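**Student:** Before anything else, here's the structure in question.
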Number of protein chains: 2
Amino acid sequence: MSHDVGLKFIGKVESSGEGAKIRVFPEYCEGLLGVEGYSHLFIIYWMHLRDNEKHRRTLIVKPPRHEGAPQTGVFSTRSPSRPNPIGLTVVKLEGVEECTLTVSGLDALEETPIIDIKPYSPRGDAHPEASTPEWAMHGPPT
Amino acid sequence: MSHDVGLKFIGKVESSGEGAKIRVFPEYCEGLLGVEGYSHLFIIYWMHLRDNEKHRRTLIVKPPRHEGAPQTGVFSTRSPSRPNPIGLTVVKLEGVEECTLTVSGLDALEETPIIDIKPYSPRGDAHPEASTPEWAMHGPPT
């Protein structure tokens, strides 16, 4: 069942790669007050290129970038094909200029809509002891 | 601007607190294949009680549970009042039984709709060196 909750696109990825830029739209810019106090942020985005029936019906994938990965449920992978094409990346905040964040480590394409930004809390969010299946230890970090 | 993207509620919080239960709806249950291989997960949810105009227009808050916190932009806090009432918690996976996960550390109320579950990758997601403003070091971890 789908719910028309009226998702708000609060910004977009203006450029990707190293020194990626995230532009927050003017009407939401005030929500960035104090963001420069954090070294890391969660960027939550809407993977618009996967927002179609085929990808949103996908429940099992074989993670292509991880050698040896078996058929796996999408909730056990970071696959962009999933019921809600929500992406999540922890980024390092390199700079803030007006409504634009410069970040490193963002795994999102240009023009991707941003749906939320949250500060990263090492006390709640850092679990270096976390374990994963063997296949997830190789290839890209997410 | 709001986008009717058709958000899918893939499950719900069946009970909260210690040993919280997350029930994934039968039509999405296959997406959990292999989840028991992870010790930690990201739970992404829709904070339905804040899904109203007043809370979704809030851009500045004074985090009530953090003594000494100044007026802060919502994207610099984990406030449930924000343009999209998306919640994010890292939980420890305690068990899986059919379509139900038992987890610890979930900061979500009973009946909260779940919109995504992602595995936690210590290589990409653990940043114990991350820094925050002084006020965020006290009170609850997020």
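Quick note on naming: the chains in the structure tokens go A, B, ... in the order shown, residues restart at 1 in each chain, and ligands are numbered from 1 in order of appearance.
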Please produce chain A as a compact mmCIF listing (two decimals) with N, CA and C atoms, in the first residue's frame once it has been superposed on chain B, the fit using all Cα atoms paired in sequence order.

**Tutor:**
```txt
# COMPACT_ATOMS: atom_id res chain seq x y z
N MET A 1 7.59 22.49 -1.84
CA MET A 1 6.79 21.70 -2.78
C MET A 1 6.76 20.25 -2.29
N SER A 2 5.59 19.65 -2.37
CA SER A 2 5.44 18.27 -1.93
C SER A 2 5.35 17.35 -3.15
N HIS A 3 5.86 16.14 -2.98
CA HIS A 3 5.87 15.18 -4.07
C HIS A 3 5.14 13.93 -3.61
N ASP A 4 4.14 13.55 -4.37
CA ASP A 4 3.40 12.34 -4.01
C ASP A 4 4.10 11.12 -4.60
N VAL A 5 5.13 10.72 -3.90
CA VAL A 5 5.98 9.64 -4.40
C VAL A 5 5.40 8.27 -4.06
N GLY A 6 4.34 8.25 -3.28
CA GLY A 6 3.79 6.95 -2.89
C GLY A 6 4.74 6.21 -1.97
N LEU A 7 4.89 6.76 -0.77
CA LEU A 7 5.77 6.13 0.20
C LEU A 7 5.15 4.80 0.63
N LYS A 8 5.94 3.77 0.70
CA LYS A 8 5.42 2.46 1.12
C LYS A 8 5.78 2.21 2.58
N PHE A 9 4.79 1.86 3.34
CA PHE A 9 5.04 1.46 4.72
C PHE A 9 5.33 -0.04 4.69
N ILE A 10 6.58 -0.41 4.97
CA ILE A 10 6.97 -1.82 4.80
C ILE A 10 6.77 -2.63 6.07
N GLY A 11 6.46 -1.96 7.15
CA GLY A 11 6.25 -2.67 8.41
C GLY A 11 5.89 -1.66 9.47
N LYS A 12 5.88 -2.11 10.71
CA LYS A 12 5.60 -1.18 11.79
C LYS A 12 6.26 -1.64 13.08
N VAL A 13 6.37 -0.69 13.99
CA VAL A 13 6.88 -1.00 15.32
C VAL A 13 5.75 -1.66 16.09
N GLU A 14 5.96 -2.92 16.45
CA GLU A 14 4.89 -3.64 17.13
C GLU A 14 4.96 -3.41 18.64
N SER A 15 6.18 -3.33 19.16
CA SER A 15 6.34 -2.96 20.57
C SER A 15 7.66 -2.22 20.70
N SER A 16 7.69 -1.26 21.60
CA SER A 16 8.90 -0.44 21.75
C SER A 16 9.60 -0.78 23.07
N GLY A 17 10.62 -0.04 23.40
CA GLY A 17 11.37 -0.30 24.63
C GLY A 17 12.40 -1.40 24.43
N GLU A 18 12.84 -2.00 25.53
CA GLU A 18 13.82 -3.08 25.41
C GLU A 18 13.20 -4.29 24.71
N GLY A 19 13.95 -4.92 23.83
CA GLY A 19 13.40 -6.05 23.09
C GLY A 19 12.28 -5.63 22.17
N ALA A 20 12.42 -4.44 21.59
CA ALA A 20 11.38 -3.92 20.69
C ALA A 20 11.20 -4.87 19.51
N LYS A 21 9.97 -4.92 19.02
CA LYS A 21 9.65 -5.79 17.88
C LYS A 21 9.28 -4.93 16.68
N ILE A 22 9.88 -5.27 15.56
CA ILE A 22 9.53 -4.64 14.29
C ILE A 22 8.94 -5.72 13.41
N ARG A 23 7.71 -5.51 13.01
CA ARG A 23 7.06 -6.51 12.15
C ARG A 23 7.08 -5.99 10.72
N VAL A 24 7.70 -6.75 9.84
CA VAL A 24 7.69 -6.42 8.42
C VAL A 24 6.46 -7.09 7.82
N PHE A 25 5.73 -6.33 7.02
CA PHE A 25 4.49 -6.85 6.44
C PHE A 25 4.80 -8.01 5.48
N PRO A 26 3.87 -8.98 5.40
CA PRO A 26 4.15 -10.21 4.63
C PRO A 26 4.64 -9.94 3.20
N GLU A 27 4.09 -8.94 2.54
CA GLU A 27 4.46 -8.70 1.14
C GLU A 27 5.89 -8.19 0.97
N TYR A 28 6.54 -7.79 2.07
CA TYR A 28 7.93 -7.31 1.99
C TYR A 28 8.91 -8.23 2.72
N CYS A 29 8.38 -9.29 3.32
CA CYS A 29 9.18 -10.13 4.23
C CYS A 29 10.39 -10.75 3.53
N GLU A 30 10.25 -11.08 2.27
CA GLU A 30 11.35 -11.69 1.50
C GLU A 30 12.59 -10.77 1.50
N GLY A 31 12.36 -9.48 1.61
CA GLY A 31 13.47 -8.52 1.62
C GLY A 31 14.38 -8.64 2.83
N LEU A 32 13.98 -9.47 3.80
CA LEU A 32 14.81 -9.66 5.00
C LEU A 32 15.83 -10.80 4.83
N LEU A 33 15.79 -11.49 3.70
CA LEU A 33 16.69 -12.64 3.50
C LEU A 33 18.15 -12.25 3.80
N GLY A 34 18.75 -12.94 4.72
CA GLY A 34 20.15 -12.71 5.06
C GLY A 34 20.37 -11.68 6.16
N VAL A 35 19.30 -11.11 6.68
CA VAL A 35 19.47 -10.02 7.66
C VAL A 35 20.15 -10.49 8.95
N GLU A 36 19.98 -11.78 9.25
CA GLU A 36 20.56 -12.30 10.50
C GLU A 36 22.09 -12.28 10.48
N GLY A 37 22.68 -12.01 9.31
CA GLY A 37 24.14 -11.93 9.21
C GLY A 37 24.72 -10.63 9.75
N TYR A 38 23.85 -9.70 10.11
CA TYR A 38 24.31 -8.39 10.60
C TYR A 38 24.03 -8.23 12.09
N SER A 39 24.93 -7.57 12.78
CA SER A 39 24.69 -7.31 14.21
C SER A 39 23.89 -6.02 14.41
N HIS A 40 24.02 -5.08 13.48
CA HIS A 40 23.37 -3.77 13.62
C HIS A 40 22.66 -3.39 12.33
N LEU A 41 21.57 -2.66 12.48
CA LEU A 41 20.78 -2.21 11.33
C LEU A 41 20.41 -0.73 11.51
N PHE A 42 20.19 -0.07 10.39
CA PHE A 42 19.52 1.23 10.41
C PHE A 42 18.02 0.97 10.26
N ILE A 43 17.23 1.54 11.14
CA ILE A 43 15.78 1.51 10.98
C ILE A 43 15.36 2.93 10.59
N ILE A 44 14.65 3.03 9.48
CA ILE A 44 14.18 4.33 8.99
C ILE A 44 12.67 4.31 9.05
N TYR A 45 12.10 5.30 9.71
CA TYR A 45 10.66 5.26 9.98
C TYR A 45 10.02 6.61 9.75
N TRP A 46 8.71 6.57 9.70
CA TRP A 46 7.92 7.76 9.44
C TRP A 46 7.22 8.16 10.73
N MET A 47 7.65 9.27 11.32
CA MET A 47 7.13 9.67 12.64
C MET A 47 5.74 10.26 12.46
N HIS A 48 4.78 9.36 12.36
CA HIS A 48 3.42 9.72 11.92
C HIS A 48 2.75 10.74 12.84
N LEU A 49 3.14 10.77 14.11
CA LEU A 49 2.50 11.72 15.02
C LEU A 49 2.98 13.16 14.76
N ARG A 50 4.08 13.30 14.04
CA ARG A 50 4.57 14.64 13.68
C ARG A 50 4.23 14.99 12.23
N ASP A 51 3.47 14.13 11.61
CA ASP A 51 3.13 14.37 10.20
C ASP A 51 1.95 15.33 10.09
N ASN A 52 2.22 16.56 10.47
CA ASN A 52 1.20 17.59 10.32
C ASN A 52 1.90 18.91 10.01
N GLU A 53 1.10 19.81 9.52
CA GLU A 53 1.58 21.10 9.03
C GLU A 53 2.51 21.79 10.04
N LYS A 54 2.06 21.86 11.29
CA LYS A 54 2.81 22.60 12.31
C LYS A 54 4.23 22.04 12.46
N HIS A 55 4.32 20.73 12.63
CA HIS A 55 5.64 20.14 12.87
C HIS A 55 6.49 20.11 11.62
N ARG A 56 5.84 19.99 10.47
CA ARG A 56 6.60 19.92 9.22
C ARG A 56 7.04 21.30 8.73
N ARG A 57 6.50 22.35 9.35
CA ARG A 57 6.98 23.70 9.02
C ARG A 57 8.06 24.17 9.98
N THR A 58 8.33 23.37 11.00
CA THR A 58 9.31 23.78 12.01
C THR A 58 10.72 23.68 11.44
N LEU A 59 11.46 24.77 11.52
CA LEU A 59 12.85 24.76 11.01
C LEU A 59 13.88 25.06 12.11
N ILE A 60 13.41 25.61 13.23
CA ILE A 60 14.30 25.95 14.34
C ILE A 60 13.72 25.37 15.63
N VAL A 61 14.54 24.71 16.40
CA VAL A 61 14.11 24.17 17.69
C VAL A 61 15.19 24.44 18.74
N LYS A 62 14.78 24.28 20.00
CA LYS A 62 15.76 24.31 21.09
C LYS A 62 15.69 22.91 21.69
N PRO A 63 16.64 22.04 21.34
CA PRO A 63 16.53 20.63 21.73
C PRO A 63 16.24 20.48 23.22
N PRO A 64 15.03 20.01 23.57
CA PRO A 64 14.59 20.06 24.96
C PRO A 64 15.33 19.09 25.88
N ARG A 65 15.86 18.01 25.33
CA ARG A 65 16.48 17.00 26.19
C ARG A 65 17.98 17.24 26.39
N HIS A 66 18.48 18.32 25.78
CA HIS A 66 19.91 18.61 25.89
C HIS A 66 20.11 19.97 26.56
N GLU A 67 20.51 19.90 27.82
CA GLU A 67 20.71 21.13 28.59
C GLU A 67 21.72 22.03 27.90
N GLY A 68 21.40 23.29 27.82
CA GLY A 68 22.34 24.25 27.26
C GLY A 68 22.30 24.36 25.76
N ALA A 69 21.43 23.59 25.13
CA ALA A 69 21.35 23.67 23.67
C ALA A 69 20.74 25.01 23.25
N PRO A 70 21.33 25.64 22.25
CA PRO A 70 20.78 26.91 21.75
C PRO A 70 19.68 26.65 20.72
N GLN A 71 19.07 27.70 20.24
CA GLN A 71 18.17 27.60 19.10
C GLN A 71 18.98 27.03 17.94
N THR A 72 18.47 25.97 17.33
CA THR A 72 19.25 25.21 16.37
C THR A 72 18.36 24.83 15.19
N GLY A 73 18.92 24.80 14.00
CA GLY A 73 18.18 24.35 12.83
C GLY A 73 17.85 22.87 12.94
N VAL A 74 16.68 22.48 12.44
CA VAL A 74 16.28 21.07 12.61
C VAL A 74 17.25 20.10 11.92
N PHE A 75 17.93 20.55 10.87
CA PHE A 75 18.88 19.64 10.20
C PHE A 75 20.18 19.50 11.00
N SER A 76 20.28 20.26 12.08
CA SER A 76 21.43 20.16 12.98
C SER A 76 21.01 19.50 14.29
N THR A 77 19.82 18.91 14.30
CA THR A 77 19.32 18.17 15.47
C THR A 77 18.62 16.91 15.00
N ARG A 78 18.30 16.04 15.95
CA ARG A 78 17.54 14.84 15.62
C ARG A 78 16.06 15.06 15.99
N SER A 79 15.66 16.31 16.08
CA SER A 79 14.27 16.64 16.38
C SER A 79 13.29 15.88 15.48
N PRO A 80 12.20 15.37 16.06
CA PRO A 80 11.17 14.74 15.22
C PRO A 80 10.34 15.75 14.42
N SER A 81 10.40 17.01 14.81
CA SER A 81 9.73 18.05 14.03
C SER A 81 10.70 18.49 12.94
N ARG A 82 10.33 18.27 11.68
CA ARG A 82 11.19 18.58 10.55
C ARG A 82 10.35 18.45 9.29
N PRO A 83 10.85 18.96 8.15
CA PRO A 83 10.00 18.97 6.95
C PRO A 83 9.45 17.59 6.56
N ASN A 84 10.30 16.57 6.63
CA ASN A 84 9.84 15.20 6.47
C ASN A 84 10.08 14.48 7.79
N PRO A 85 9.02 13.98 8.43
CA PRO A 85 9.21 13.38 9.75
C PRO A 85 9.84 11.98 9.65
N ILE A 86 11.07 11.98 9.13
CA ILE A 86 11.80 10.73 8.97
C ILE A 86 12.66 10.51 10.21
N GLY A 87 12.54 9.35 10.80
CA GLY A 87 13.36 8.98 11.94
C GLY A 87 14.41 7.96 11.52
N LEU A 88 15.53 8.01 12.21
CA LEU A 88 16.65 7.12 11.89
C LEU A 88 17.28 6.67 13.19
N THR A 89 17.35 5.38 13.40
CA THR A 89 18.04 4.85 14.59
C THR A 89 18.90 3.67 14.19
N VAL A 90 20.08 3.60 14.76
CA VAL A 90 20.89 2.38 14.65
C VAL A 90 20.46 1.45 15.78
N VAL A 91 20.09 0.23 15.43
CA VAL A 91 19.69 -0.73 16.45
C VAL A 91 20.61 -1.95 16.41
N LYS A 92 20.61 -2.67 17.52
CA LYS A 92 21.29 -3.96 17.57
C LYS A 92 20.23 -5.01 17.29
N LEU A 93 20.57 -5.91 16.38
CA LEU A 93 19.62 -6.96 16.02
C LEU A 93 19.77 -8.12 17.01
N GLU A 94 18.71 -8.38 17.74
CA GLU A 94 18.77 -9.42 18.77
C GLU A 94 18.22 -10.75 18.26
N GLY A 95 17.33 -10.68 17.28
CA GLY A 95 16.77 -11.93 16.78
C GLY A 95 15.84 -11.68 15.61
N VAL A 96 15.62 -12.75 14.83
CA VAL A 96 14.72 -12.68 13.68
C VAL A 96 13.82 -13.91 13.75
N GLU A 97 12.54 -13.69 13.69
CA GLU A 97 11.61 -14.81 13.66
C GLU A 97 10.58 -14.52 12.59
N GLU A 98 10.63 -15.31 11.52
CA GLU A 98 9.78 -15.06 10.36
C GLU A 98 9.92 -13.60 9.93
N CYS A 99 8.86 -12.82 10.03
CA CYS A 99 8.93 -11.45 9.51
C CYS A 99 9.13 -10.42 10.62
N THR A 100 9.52 -10.89 11.79
CA THR A 100 9.64 -9.97 12.93
C THR A 100 11.08 -9.91 13.44
N LEU A 101 11.56 -8.68 13.58
CA LEU A 101 12.89 -8.46 14.13
C LEU A 101 12.75 -8.05 15.60
N THR A 102 13.61 -8.61 16.44
CA THR A 102 13.73 -8.12 17.81
C THR A 102 15.01 -7.31 17.87
N VAL A 103 14.89 -6.07 18.37
CA VAL A 103 16.04 -5.16 18.33
C VAL A 103 16.18 -4.43 19.66
N SER A 104 17.36 -3.93 19.91
CA SER A 104 17.53 -3.03 21.06
C SER A 104 18.03 -1.69 20.58
N GLY A 105 17.64 -0.67 21.32
CA GLY A 105 18.09 0.69 21.01
C GLY A 105 17.17 1.47 20.11
N LEU A 106 16.00 0.94 19.81
CA LEU A 106 15.08 1.64 18.89
C LEU A 106 14.40 2.80 19.60
N ASP A 107 14.51 3.97 18.99
CA ASP A 107 13.93 5.18 19.57
C ASP A 107 12.68 5.56 18.77
N ALA A 108 11.69 4.68 18.78
CA ALA A 108 10.46 4.93 18.01
C ALA A 108 9.27 4.38 18.79
N LEU A 109 8.15 5.03 18.64
CA LEU A 109 6.94 4.64 19.38
C LEU A 109 6.24 3.45 18.72
N GLU A 110 5.45 2.75 19.51
CA GLU A 110 4.61 1.69 18.97
C GLU A 110 3.74 2.22 17.84
N GLU A 111 3.54 1.38 16.85
CA GLU A 111 2.68 1.68 15.69
C GLU A 111 3.36 2.60 14.66
N THR A 112 4.59 2.99 14.92
CA THR A 112 5.29 3.84 13.94
C THR A 112 5.52 3.05 12.65
N PRO A 113 5.14 3.62 11.51
CA PRO A 113 5.40 2.93 10.24
C PRO A 113 6.90 2.90 9.91
N ILE A 114 7.36 1.76 9.44
CA ILE A 114 8.75 1.60 9.00
C ILE A 114 8.78 1.83 7.49
N ILE A 115 9.75 2.63 7.04
CA ILE A 115 9.84 2.88 5.59
C ILE A 115 11.09 2.27 4.95
N ASP A 116 12.08 1.91 5.75
CA ASP A 116 13.23 1.21 5.19
C ASP A 116 14.04 0.58 6.32
N ILE A 117 14.77 -0.46 5.95
CA ILE A 117 15.72 -1.11 6.85
C ILE A 117 16.99 -1.30 6.02
N LYS A 118 18.12 -0.90 6.59
CA LYS A 118 19.39 -1.05 5.88
C LYS A 118 20.41 -1.67 6.82
N PRO A 119 21.29 -2.49 6.28
CA PRO A 119 22.34 -3.05 7.13
C PRO A 119 23.37 -1.98 7.47
N TYR A 120 23.89 -2.09 8.67
CA TYR A 120 24.92 -1.15 9.14
C TYR A 120 26.28 -1.69 8.75
N SER A 121 27.05 -0.85 8.09
CA SER A 121 28.39 -1.24 7.65
C SER A 121 29.44 -0.50 8.47
N PRO A 122 30.18 -1.20 9.33
CA PRO A 122 31.15 -0.47 10.16
C PRO A 122 32.18 0.27 9.30
N ARG A 123 32.47 -0.24 8.10
CA ARG A 123 33.48 0.44 7.27
C ARG A 123 32.98 1.80 6.79
N GLY A 124 31.70 1.91 6.49
CA GLY A 124 31.19 3.18 5.97
C GLY A 124 30.46 4.02 6.99
N ASP A 125 29.93 3.38 8.01
CA ASP A 125 28.99 4.07 8.89
C ASP A 125 29.53 4.40 10.28
N ALA A 126 30.66 3.77 10.66
CA ALA A 126 31.19 4.00 12.01
C ALA A 126 32.27 5.08 11.98
N HIS A 127 31.97 6.20 12.62
CA HIS A 127 32.92 7.32 12.68
C HIS A 127 33.05 7.77 14.13
N PRO A 128 33.73 6.96 14.95
CA PRO A 128 33.83 7.32 16.37
C PRO A 128 34.57 8.63 16.59
N GLU A 129 35.31 9.08 15.60
CA GLU A 129 36.07 10.33 15.72
C GLU A 129 35.21 11.56 15.42
N ALA A 130 33.96 11.35 15.02
CA ALA A 130 33.10 12.47 14.63
C ALA A 130 32.93 13.45 15.79
N SER A 131 32.88 14.73 15.46
CA SER A 131 32.71 15.74 16.51
C SER A 131 31.37 16.44 16.36
N THR A 132 30.89 16.94 17.49
CA THR A 132 29.57 17.60 17.56
C THR A 132 29.73 18.84 18.44
N PRO A 133 28.72 19.70 18.45
CA PRO A 133 28.76 20.80 19.42
C PRO A 133 28.76 20.22 20.84
N GLU A 134 29.28 20.99 21.76
CA GLU A 134 29.36 20.56 23.16
C GLU A 134 28.00 20.10 23.71
N TRP A 135 26.93 20.84 23.41
CA TRP A 135 25.62 20.50 24.01
C TRP A 135 25.15 19.11 23.58
N ALA A 136 25.57 18.66 22.40
CA ALA A 136 25.10 17.37 21.90
C ALA A 136 25.82 16.19 22.56
N MET A 137 26.85 16.50 23.38
CA MET A 137 27.59 15.44 24.07
C MET A 137 26.89 14.99 25.34
N HIS A 138 25.86 15.74 25.76
CA HIS A 138 25.13 15.41 26.99
C HIS A 138 23.71 15.00 26.62
N GLY A 139 23.02 14.42 27.58
CA GLY A 139 21.65 14.00 27.31
C GLY A 139 21.63 12.75 26.46
N PRO A 140 20.50 12.46 25.82
CA PRO A 140 20.39 11.23 25.03
C PRO A 140 21.39 11.24 23.86
N PRO A 141 21.78 10.05 23.40
CA PRO A 141 22.83 9.97 22.39
C PRO A 141 22.44 10.54 21.02
N THR A 142 21.14 10.67 20.78
CA THR A 142 20.74 11.27 19.49
C THR A 142 19.67 12.35 19.75
```

**Student:** Name the residues of chain A that come out as strand (DSSP E or B) in a backbone DSSP run; write them as JSON, numbers by chain.

**Tutor:** {"A": [2, 3, 7, 8, 11, 12, 13, 14, 15, 20, 21, 22, 23, 24, 40, 41, 42, 43, 44, 45, 46, 60, 61, 72, 73, 86, 87, 88, 89, 90, 91, 92, 93, 94, 95, 96, 97, 100, 101, 102, 103, 104, 113, 114, 115, 116, 117, 118, 119]}

**Student:** Using DSSP on the backbone, list every residue of chain B that comes out as helix (DSSP H, G or I), and give them as a PyMOL selection string.

**Tutor:** chain B and resi 26-32+35-37+48-50+53-56+74-76+122-125+134-137

**Student:** Would you save the residues of that selection, restricted to N, CA and C atoms, as an mmCIF file, in the first residue's frame?

**Tutor:**
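Result went into result_29.cif, see below:
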```cif
data_model
loop_
_atom_site.group_PDB
_atom_site.id
_atom_site.type_symbol
_atom_site.label_atom_id
_atom_site.label_comp_id
_atom_site.auth_asym_id
_atom_site.auth_seq_id
_atom_site.Cartn_x
_atom_site.Cartn_y
_atom_site.Cartn_z
ATOM 1 N N PRO B 26 3.873 -8.986 5.388
ATOM 2 C CA PRO B 26 4.156 -10.213 4.620
ATOM 3 C C PRO B 26 4.639 -9.944 3.191
ATOM 4 N N GLU B 27 4.091 -8.936 2.537
ATOM 5 C CA GLU B 27 4.458 -8.699 1.134
ATOM 6 C C GLU B 27 5.893 -8.197 0.966
ATOM 7 N N TYR B 28 6.544 -7.791 2.069
ATOM 8 C CA TYR B 28 7.933 -7.316 1.996
ATOM 9 C C TYR B 28 8.908 -8.237 2.723
ATOM 10 N N CYS B 29 8.388 -9.291 3.301
ATOM 11 C CA CYS B 29 9.180 -10.131 4.213
ATOM 12 C C CYS B 29 10.394 -10.766 3.525
ATOM 13 N N GLU B 30 10.243 -11.089 2.257
ATOM 14 C CA GLU B 30 11.347 -11.682 1.499
ATOM 15 C C GLU B 30 12.588 -10.776 1.499
ATOM 16 N N GLY B 31 12.363 -9.498 1.614
ATOM 17 C CA GLY B 31 13.472 -8.530 1.619
ATOM 18 C C GLY B 31 14.371 -8.641 2.832
ATOM 19 N N LEU B 32 13.981 -9.474 3.801
ATOM 20 C CA LEU B 32 14.815 -9.670 5.000
ATOM 21 C C LEU B 32 15.831 -10.801 4.828
ATOM 22 N N VAL B 35 19.287 -11.111 6.686
ATOM 23 C CA VAL B 35 19.460 -10.012 7.661
ATOM 24 C C VAL B 35 20.129 -10.489 8.944
ATOM 25 N N GLU B 36 19.988 -11.779 9.248
ATOM 26 C CA GLU B 36 20.569 -12.307 10.493
ATOM 27 C C GLU B 36 22.095 -12.286 10.468
ATOM 28 N N GLY B 37 22.679 -12.007 9.305
ATOM 29 C CA GLY B 37 24.140 -11.917 9.212
ATOM 30 C C GLY B 37 24.719 -10.623 9.739
ATOM 31 N N HIS B 48 4.782 9.348 12.354
ATOM 32 C CA HIS B 48 3.423 9.715 11.926
ATOM 33 C C HIS B 48 2.763 10.747 12.844
ATOM 34 N N LEU B 49 3.142 10.763 14.113
ATOM 35 C CA LEU B 49 2.496 11.732 15.018
ATOM 36 C C LEU B 49 2.979 13.168 14.757
ATOM 37 N N ARG B 50 4.085 13.295 14.037
ATOM 38 C CA ARG B 50 4.565 14.634 13.681
ATOM 39 C C ARG B 50 4.233 14.984 12.234
ATOM 40 N N GLU B 53 1.106 19.816 9.506
ATOM 41 C CA GLU B 53 1.599 21.117 9.025
ATOM 42 C C GLU B 53 2.512 21.814 10.037
ATOM 43 N N LYS B 54 2.056 21.862 11.282
ATOM 44 C CA LYS B 54 2.816 22.607 12.301
ATOM 45 C C LYS B 54 4.234 22.038 12.451
ATOM 46 N N HIS B 55 4.313 20.735 12.627
ATOM 47 C CA HIS B 55 5.629 20.143 12.869
ATOM 48 C C HIS B 55 6.476 20.109 11.601
ATOM 49 N N ARG B 56 5.831 19.993 10.459
ATOM 50 C CA ARG B 56 6.596 19.921 9.213
ATOM 51 C C ARG B 56 7.042 21.295 8.716
ATOM 52 N N VAL B 74 16.698 22.471 12.456
ATOM 53 C CA VAL B 74 16.287 21.066 12.615
ATOM 54 C C VAL B 74 17.257 20.087 11.934
ATOM 55 N N PHE B 75 17.932 20.543 10.877
ATOM 56 C CA PHE B 75 18.877 19.640 10.212
ATOM 57 C C PHE B 75 20.179 19.491 11.010
ATOM 58 N N SER B 76 20.287 20.259 12.087
ATOM 59 C CA SER B 76 21.432 20.155 12.993
ATOM 60 C C SER B 76 21.014 19.498 14.301
ATOM 61 N N PRO B 122 30.172 -1.199 9.338
ATOM 62 C CA PRO B 122 31.145 -0.463 10.159
ATOM 63 C C PRO B 122 32.166 0.280 9.303
ATOM 64 N N ARG B 123 32.475 -0.251 8.108
ATOM 65 C CA ARG B 123 33.475 0.441 7.276
ATOM 66 C C ARG B 123 32.981 1.801 6.785
ATOM 67 N N GLY B 124 31.702 1.908 6.491
ATOM 68 C CA GLY B 124 31.192 3.174 5.960
ATOM 69 C C GLY B 124 30.453 4.019 6.981
ATOM 70 N N ASP B 125 29.921 3.371 8.007
ATOM 71 C CA ASP B 125 28.992 4.068 8.894
ATOM 72 C C ASP B 125 29.537 4.390 10.282
ATOM 73 N N GLU B 134 29.275 20.999 21.768
ATOM 74 C CA GLU B 134 29.369 20.572 23.172
ATOM 75 C C GLU B 134 28.009 20.107 23.719
ATOM 76 N N TRP B 135 26.928 20.843 23.418
ATOM 77 C CA TRP B 135 25.619 20.488 23.997
ATOM 78 C C TRP B 135 25.138 19.106 23.583
ATOM 79 N N ALA B 136 25.567 18.654 22.413
ATOM 80 C CA ALA B 136 25.102 17.359 21.905
ATOM 81 C C ALA B 136 25.816 16.182 22.564
ATOM 82 N N MET B 137 26.836 16.497 23.380
ATOM 83 C CA MET B 137 27.592 15.441 24.062
ATOM 84 C C MET B 137 26.884 14.997 25.338
#
```
